[in-house]
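Read the structure below first, then the notes.
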Amino acid sequence: MAKKKVLTKKKLKKSDVVNQFTGESWVYSDVVKDHFFHPRNLLLNPPKKNYFDGEGVVGSPACGDVMVMWLRVDKKKDKILELKWKTFGCGSAIAATSMFSVMVTENGGMKIEDALKIKPQDIIARLEGLPNRKIHCSVLADKAFRAALNNYFRNTGQHQRIIADGSKVIDKVLNITERDIEEAVLDGASTLNDLKKKLKVGTGDSKSIPEIEQLLRFYKEKYSNRD
Amino acid sequence: MSRLYRDNLKEILQGMLPKITKPKNLIYLDFAATTFLDINVKKAMEPFWSGSFGNPSALYKQGREAAFAVDNARKTIAGIIGCRPEEVVFTAGGTESINLSLFGTARMAAAEGGAKPHIISSAIEHHAVLESIDALRQEGIQADLVGVDEFGFVKLEEIKKAVRPETVLISIIYANNEIGTIEPIAEIGKWLRGENERRKAKNLPKIYFHTDACQAAGSLDLNVDRLGVDLMSVNASKIYGPKQTGFLFVRNGVRLKPIIFGGGQEKNLRSGTENVPGIIGLSEALKLAQKNREKENKRQSDLRDYFIKQILKKIPKAVLNGPGPFAKNRGRDFNQKERYLARLPNNINISFLDVEGEALLLYLDSYGIAASTGSACASMSLDPSHVILAIGKPYEYAHGAIRFTLGKTTTKKQLDFVLKVLPEVVKELRRVSPLDMKMDNGKNISMPKAFAGKKIDKFVRN
């Protein structure tokens with residue numbers, strides 16, 4: 001049959017999706033593939049009552065990504081003992097969550113204050129890159145982690161430590177925060193137009209533009225020496 | 001594979017792939033995306049690469065040979081679709097044919113002055129139509145997209161309601177590329193003939209009827225008079241022909257503005273030296289497709305129904321998108337004979353709840369199975385399938401929609417292999433997924449917590 005002949009040709013058998021910029025085979029790096037096919041720290045059974053210290057959810061099924069995270073904390077050392085998760089999402093969402101769980105639990109667990117400093121870009125670096133268009137939607141692990149931590153703080157009465165999510169709201173119409181702008185700059189936004197494209201910031205709330213421009217300059221300077 | 005398994009096996013094996021041996025040959029189930037080139041088509045094209053390579057506009061021998069071959073191809077196609085040869089305009093594929101018919105009619109009407117021209121189309125068109133309409137709107141053209149029912153059928157009543165005095169074009173897809181719904185083109189064409197008579201009496205402009213027949217060309221009747229169309233777009237790359245080649249049927253009397261300018265080929269509608277091997281390939285492919293149509297339709301629709309039935313039986317929380325033998329279509333059940341009149345014989349589109357389509361495709365790919373998804377994560381735009389949304393299914397269903405499209409080399413054995421793998425990978429991804437959606441068409445959000453607080457802004461699409 002015609003198809004058999006065509007598809008068994010050596011060339012086609014070897015063919016793969018190749019990243020035109022890096023020459024990598026497949027759209028995803030080997031590390032992403034590994035974490036996708038063999039996710040670490042996945043929660044397999046329903047959580048036992050009172051076993052975990054905190055639980056957090058982000059995302060929505062409508063958007064295509066939902067992430068639930070559970071964590072256990074070493075209260076004396078203020079370290080993450082265990083972090084389990086479940087994710088509904090594409091390959092990169094699953095891989096990114098898995099990688100995040102490894103990052104905060106490896107080497108005896110991270111201190112909470114250090115774990116909070118992990119940014120999507122750090123996860124992506126450990127994954128050896130993600131396709132550009134995937135970054136904003138699929139790397140939600142840090143956000144789920146903050147939600148789970150807040151839940152832990154609340155459960156343990158440490159109200160002063162609860163992280164007011166999203167820091168200061170800049171664009172009041174779209175509820176875009178300082179943190180969103182910081183992340184966009186880290187993603188490579190360097191002009192107001194870039195920010196508008198990425199976040200639609202300022203389109204509904206034009207009064208916020210001077211403040212956005214100021215933040216843009218601030219974060220650009222802050223991260224300009226980053227390697 | 002071995003490298004992936006190297007360290008810390010116990011931990012890693014949490015999410016191990018089910019042990020099923022990969023077949024020797026890849027299983028390609030994405031024929032609606034494109035097909036391989038049929039060996040006979042390839043043979044027919046062969047002489048025109050380096051032999052009769054001349055420019056058909058030239059006077060000398062190589063040119064005359066090429067021109068003769070192009071003329072023959074035109075006659076062959078005209079014979080198949082029941083029109084005159086001069087009504088066939090060769091283009092560089094389906095998208096271009098669609099662009100030419102939409103921009104061509106709308107700009108011509110706009111140039112003639114009067115009220116701003118108006119176009120009617122549907123919500124489940126291919127992007128080639130929808131994006132063209134978006135671009136035309138920027139030029140001041142008005143457009144209405146009529147909705148579809150839960151199986152994806154366009155309702156004639158809605159088209160009738162959308163007609164305005166300044167309407168110049170109705171463009172409806174012949175068979176949908178994602179869910180395989182075959183639209184009642186002949187019914188619309190018949191009504192439009194009468195409507196145009198009435199408009200003539202009222203001195204209103206004639207409404208032209210375009211159909212995007214790219215998905216239909218391999219399996220459905222293409223007779224332009226039976227369909228009652230004035231314009232019809234067809235391409236070769238979905239009927240085992242070469243890519244980047246197609247034609248637009250333009251009924252005599254239909255006036256179009258060209259979108260490509262130059263040497264005036266194709267009656268000034270499509271300038272540029274003719275893609276001679278492509279045109280020969282197109283006509284040969286169409287000839288073969290239409291010759292084997294009945295037999296292949298029967299074979300493929302039997303496979304399709306078997307596959308759908310088995311998936312729905314083996315996998316819980318799987319929902320068929322589009323018409324099928326298991327759904328009531330347009331208010332009635334299609335009998336054995338009629339059923340492939342409602343859905344393309346090669347199309348299967350199923351949503352697996354709680355699972356994301358791109359992740360599922362990655363797993364299938366690791367078993368050598370090629371399919372496609374309506375999930376946002378697999379599209380460049382990050383928007384989920386507009387077709388699944390248009391048939392009234394929620395976003396969650398669109399994200400978990402997988403399309404398998406059969407072709408002439410698809411065998412039952414291949415499908416049985418997929419049926420062995422698919423339940424396992426769906427199970428695996430459900431193990432990873434925190435969702436547990438109910439089969440109530442998604443009216444309840446399974447994870448309301450995710451929407452809590454201000455978070456919602458971040459995830460609501462606009």
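Within each chain, counting starts at residue 1; across the structure tokens, chains are named A, B, ... in the order shown, with ligands numbered 1 upward in that order.
When the distance limit is 10 Å and only C-alpha atoms are what count, the residues near Val432 of chain B, minus those fewer than 3 positions from it on the same chain, are Pro39, Leu42, Leu43, Leu44, Met67, Trp85, Lys86, Thr87, Phe88, Gly89 and Ile94 of chain A; Gly15, Asp354, Val355, Val426, Lys427, Glu428, Leu429 and Leu435 of chain B.
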Practice task
Can you pull out every residue within 12 Å of Glu106 of chain A, counting only C-alpha atoms, but drop anything in the same chain fewer than 6 positions away, and send it as a PyMOL selection string?
Solution key: chain A and resi 40-41+79-83+99-100+115
Can you write out the residues you just picked, keeping C-alpha atoms, as a PDB file, in the first residue's frame?
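Once everything was written out, this is result11.pdb:
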```
ATOM      1  CA  ARG A  40       7.631  13.460  40.132  1.00  0.00           C
ATOM      2  CA  ASN A  41       5.794  13.980  43.407  1.00  0.00           C
ATOM      3  CA  LYS A  79      11.358  24.185  55.402  1.00  0.00           C
ATOM      4  CA  ILE A  80       9.238  22.376  52.807  1.00  0.00           C
ATOM      5  CA  LEU A  81       9.187  18.676  53.695  1.00  0.00           C
ATOM      6  CA  GLU A  82       6.898  17.376  51.033  1.00  0.00           C
ATOM      7  CA  LEU A  83       5.103  18.837  48.050  1.00  0.00           C
ATOM      8  CA  MET A  99      10.006  20.359  38.083  1.00  0.00           C
ATOM      9  CA  PHE A 100       8.849  22.887  40.673  1.00  0.00           C
ATOM     10  CA  ALA A 115      10.960  28.775  47.799  1.00  0.00           C
TER      11      ALA A 115
END
```
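Separating atom CA of Leu227 of chain B from atom CA of Lys190 of chain B is a distance of 7.8 Å.
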Problem - DSSP alpha helix (DSSP H) residues within segment 97-153 of chain B, listed as a ChimeraX atom specification - result: /B:97-111,127-138
Filtering to C-alpha atoms, could you give me those residues as a PDB file, in the first residue's frame?
```
ATOM      1  CA  SER B  97      -9.356  30.028  -3.259  1.00  0.00           C
ATOM      2  CA  ILE B  98     -11.345  31.063  -0.203  1.00  0.00           C
ATOM      3  CA  ASN B  99      -9.553  34.418   0.030  1.00  0.00           C
ATOM      4  CA  LEU B 100     -10.175  35.062  -3.653  1.00  0.00           C
ATOM      5  CA  SER B 101     -13.889  34.337  -3.419  1.00  0.00           C
ATOM      6  CA  LEU B 102     -14.459  36.420  -0.272  1.00  0.00           C
ATOM      7  CA  PHE B 103     -12.234  39.393  -1.025  1.00  0.00           C
ATOM      8  CA  GLY B 104     -13.085  39.140  -4.726  1.00  0.00           C
ATOM      9  CA  THR B 105     -16.858  39.395  -4.375  1.00  0.00           C
ATOM     10  CA  ALA B 106     -16.844  41.862  -1.476  1.00  0.00           C
ATOM     11  CA  ARG B 107     -14.365  44.267  -3.048  1.00  0.00           C
ATOM     12  CA  MET B 108     -16.105  44.085  -6.409  1.00  0.00           C
ATOM     13  CA  ALA B 109     -19.423  44.964  -4.767  1.00  0.00           C
ATOM     14  CA  ALA B 110     -17.776  47.754  -2.761  1.00  0.00           C
ATOM     15  CA  ALA B 111     -16.206  49.174  -5.933  1.00  0.00           C
ATOM     16  CA  HIS B 127      -9.917  30.076   9.745  1.00  0.00           C
ATOM     17  CA  ALA B 128      -9.337  30.907   6.077  1.00  0.00           C
ATOM     18  CA  VAL B 129     -12.932  32.184   5.946  1.00  0.00           C
ATOM     19  CA  LEU B 130     -13.143  33.683   9.438  1.00  0.00           C
ATOM     20  CA  GLU B 131      -9.858  35.564   9.208  1.00  0.00           C
ATOM     21  CA  SER B 132     -10.717  36.842   5.716  1.00  0.00           C
ATOM     22  CA  ILE B 133     -14.000  38.155   7.077  1.00  0.00           C
ATOM     23  CA  ASP B 134     -12.142  39.846   9.933  1.00  0.00           C
ATOM     24  CA  ALA B 135      -9.842  41.520   7.434  1.00  0.00           C
ATOM     25  CA  LEU B 136     -12.804  42.557   5.275  1.00  0.00           C
ATOM     26  CA  ARG B 137     -14.475  44.129   8.291  1.00  0.00           C
ATOM     27  CA  GLN B 138     -11.433  46.401   8.560  1.00  0.00           C
TER      28      GLN B 138
END
```
Problem - Selection near Val254 of chain B, 10 Å with only C-alpha atoms, sequence-local residues under 2 positions removed, as an MDAnalysis selection string - result: chainID B and resid 87 101 104:105 206 208 230:231 250:252 256
Handout entry: Selected residue of minimal separation from chain B among A:Lys172, A:Lys220, A:Arg154, A:Arg72, counting only C-alpha atoms
Key = A:Lys172
Practice task
To one decimal in Å, tell me the separation between atom CA of Ile27 of chain B and atom CA of Lys413 of chain B.
Solution key: 10.2 Å
Practice task
Calculate how many Å separate atom CA of Ile141 of chain B from atom CA of Asn196 of chain B, rounding to one decimal.
Solution key: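 Value for the atom CA of Ile141 of chain B-atom CA of Asn196 of chain B distance: 20.7 Å.
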Out of segment 228-405 of chain B, which residues get strand (DSSP E or B) from DSSP, as an mmCIF file with C-alpha atoms, in the first residue's frame?
```cif
data_model
loop_
_atom_site.group_PDB
_atom_site.id
_atom_site.type_symbol
_atom_site.label_atom_id
_atom_site.label_comp_id
_atom_site.auth_asym_id
_atom_site.auth_seq_id
_atom_site.Cartn_x
_atom_site.Cartn_y
_atom_site.Cartn_z
ATOM 1 C CA LEU B 231 -18.132 29.624 -6.051
ATOM 2 C CA MET B 232 -16.462 26.506 -4.664
ATOM 3 C CA SER B 233 -13.003 26.138 -3.116
ATOM 4 C CA VAL B 234 -11.136 22.841 -3.391
ATOM 5 C CA ASN B 235 -7.547 21.889 -2.678
ATOM 6 C CA GLY B 246 -6.169 24.010 -5.582
ATOM 7 C CA PHE B 247 -8.893 25.582 -7.627
ATOM 8 C CA LEU B 248 -11.820 27.934 -7.294
ATOM 9 C CA PHE B 249 -14.945 27.236 -9.305
ATOM 10 C CA VAL B 250 -16.267 30.595 -10.505
ATOM 11 C CA ALA B 318 -15.906 10.426 26.518
ATOM 12 C CA VAL B 319 -18.272 12.576 24.449
ATOM 13 C CA LEU B 320 -18.700 12.501 20.671
ATOM 14 C CA ASN B 329 -29.459 14.441 14.068
ATOM 15 C CA ARG B 332 -34.284 12.330 13.887
ATOM 16 C CA ARG B 343 -20.895 13.293 8.963
ATOM 17 C CA ASN B 347 -14.089 12.034 10.886
ATOM 18 C CA ILE B 348 -14.046 11.136 14.562
ATOM 19 C CA ASN B 349 -13.970 13.891 17.182
ATOM 20 C CA ILE B 350 -14.248 12.989 20.829
ATOM 21 C CA SER B 351 -13.777 14.985 24.026
ATOM 22 C CA PHE B 352 -12.186 13.166 26.935
ATOM 23 C CA ILE B 369 -0.066 7.515 16.695
ATOM 24 C CA ALA B 370 -0.725 10.850 14.994
ATOM 25 C CA SER B 372 -4.967 16.325 16.341
ATOM 26 C CA THR B 373 -6.693 18.306 19.074
ATOM 27 C CA ALA B 401 -11.165 17.206 22.177
ATOM 28 C CA ILE B 402 -9.187 14.821 19.996
ATOM 29 C CA ARG B 403 -9.778 14.455 16.263
ATOM 30 C CA PHE B 404 -8.933 11.236 14.464
ATOM 31 C CA THR B 405 -9.388 11.344 10.705
#
```
Practice task
Find the residues near Ala289 of chain B: any atom within 9 Å, counting only C-alpha atoms, skip ones fewer than 3 places away on the same chain, and give them as a ChimeraX atom specification.
Solution key: /B:217-219,239-240,284-286,292-293,296
Mind dumping the selected residues with N, CA and C atoms as a PDB file, in the first residue's frame?
```
ATOM      1  N   ALA B 217     -14.049  17.301  -0.696  1.00  0.00           N
ATOM      2  CA  ALA B 217     -13.705  16.903  -2.065  1.00  0.00           C
ATOM      3  C   ALA B 217     -13.405  15.410  -2.206  1.00  0.00           C
ATOM      4  N   GLY B 218     -12.911  14.791  -1.137  1.00  0.00           N
ATOM      5  CA  GLY B 218     -12.558  13.380  -1.223  1.00  0.00           C
ATOM      6  C   GLY B 218     -13.737  12.442  -1.116  1.00  0.00           C
ATOM      7  N   SER B 219     -14.842  12.922  -0.567  1.00  0.00           N
ATOM      8  CA  SER B 219     -15.899  11.960  -0.291  1.00  0.00           C
ATOM      9  C   SER B 219     -17.309  12.390  -0.700  1.00  0.00           C
ATOM     10  N   ILE B 239      -6.721  15.434  -0.665  1.00  0.00           N
ATOM     11  CA  ILE B 239      -7.241  14.310  -1.459  1.00  0.00           C
ATOM     12  C   ILE B 239      -6.084  13.570  -2.122  1.00  0.00           C
ATOM     13  N   TYR B 240      -4.985  13.416  -1.386  1.00  0.00           N
ATOM     14  CA  TYR B 240      -3.819  12.648  -1.851  1.00  0.00           C
ATOM     15  C   TYR B 240      -3.138  13.302  -3.049  1.00  0.00           C
ATOM     16  N   GLU B 284      -5.592  14.800 -11.289  1.00  0.00           N
ATOM     17  CA  GLU B 284      -5.472  13.346 -11.135  1.00  0.00           C
ATOM     18  C   GLU B 284      -6.021  12.910  -9.771  1.00  0.00           C
ATOM     19  N   ALA B 285      -5.670  13.671  -8.725  1.00  0.00           N
ATOM     20  CA  ALA B 285      -6.111  13.329  -7.371  1.00  0.00           C
ATOM     21  C   ALA B 285      -7.632  13.391  -7.271  1.00  0.00           C
ATOM     22  N   LEU B 286      -8.209  14.425  -7.859  1.00  0.00           N
ATOM     23  CA  LEU B 286      -9.666  14.582  -7.794  1.00  0.00           C
ATOM     24  C   LEU B 286     -10.360  13.457  -8.555  1.00  0.00           C
ATOM     25  N   ASN B 292     -13.319   6.479  -6.608  1.00  0.00           N
ATOM     26  CA  ASN B 292     -13.408   5.480  -5.536  1.00  0.00           C
ATOM     27  C   ASN B 292     -14.313   5.919  -4.390  1.00  0.00           C
ATOM     28  N   ARG B 293     -15.022   7.007  -4.625  1.00  0.00           N
ATOM     29  CA  ARG B 293     -15.773   7.652  -3.552  1.00  0.00           C
ATOM     30  C   ARG B 293     -16.726   6.707  -2.811  1.00  0.00           C
ATOM     31  N   GLU B 296     -14.962   3.759  -0.898  1.00  0.00           N
ATOM     32  CA  GLU B 296     -14.172   4.249   0.235  1.00  0.00           C
ATOM     33  C   GLU B 296     -15.078   4.797   1.337  1.00  0.00           C
TER      34      GLU B 296
END
```
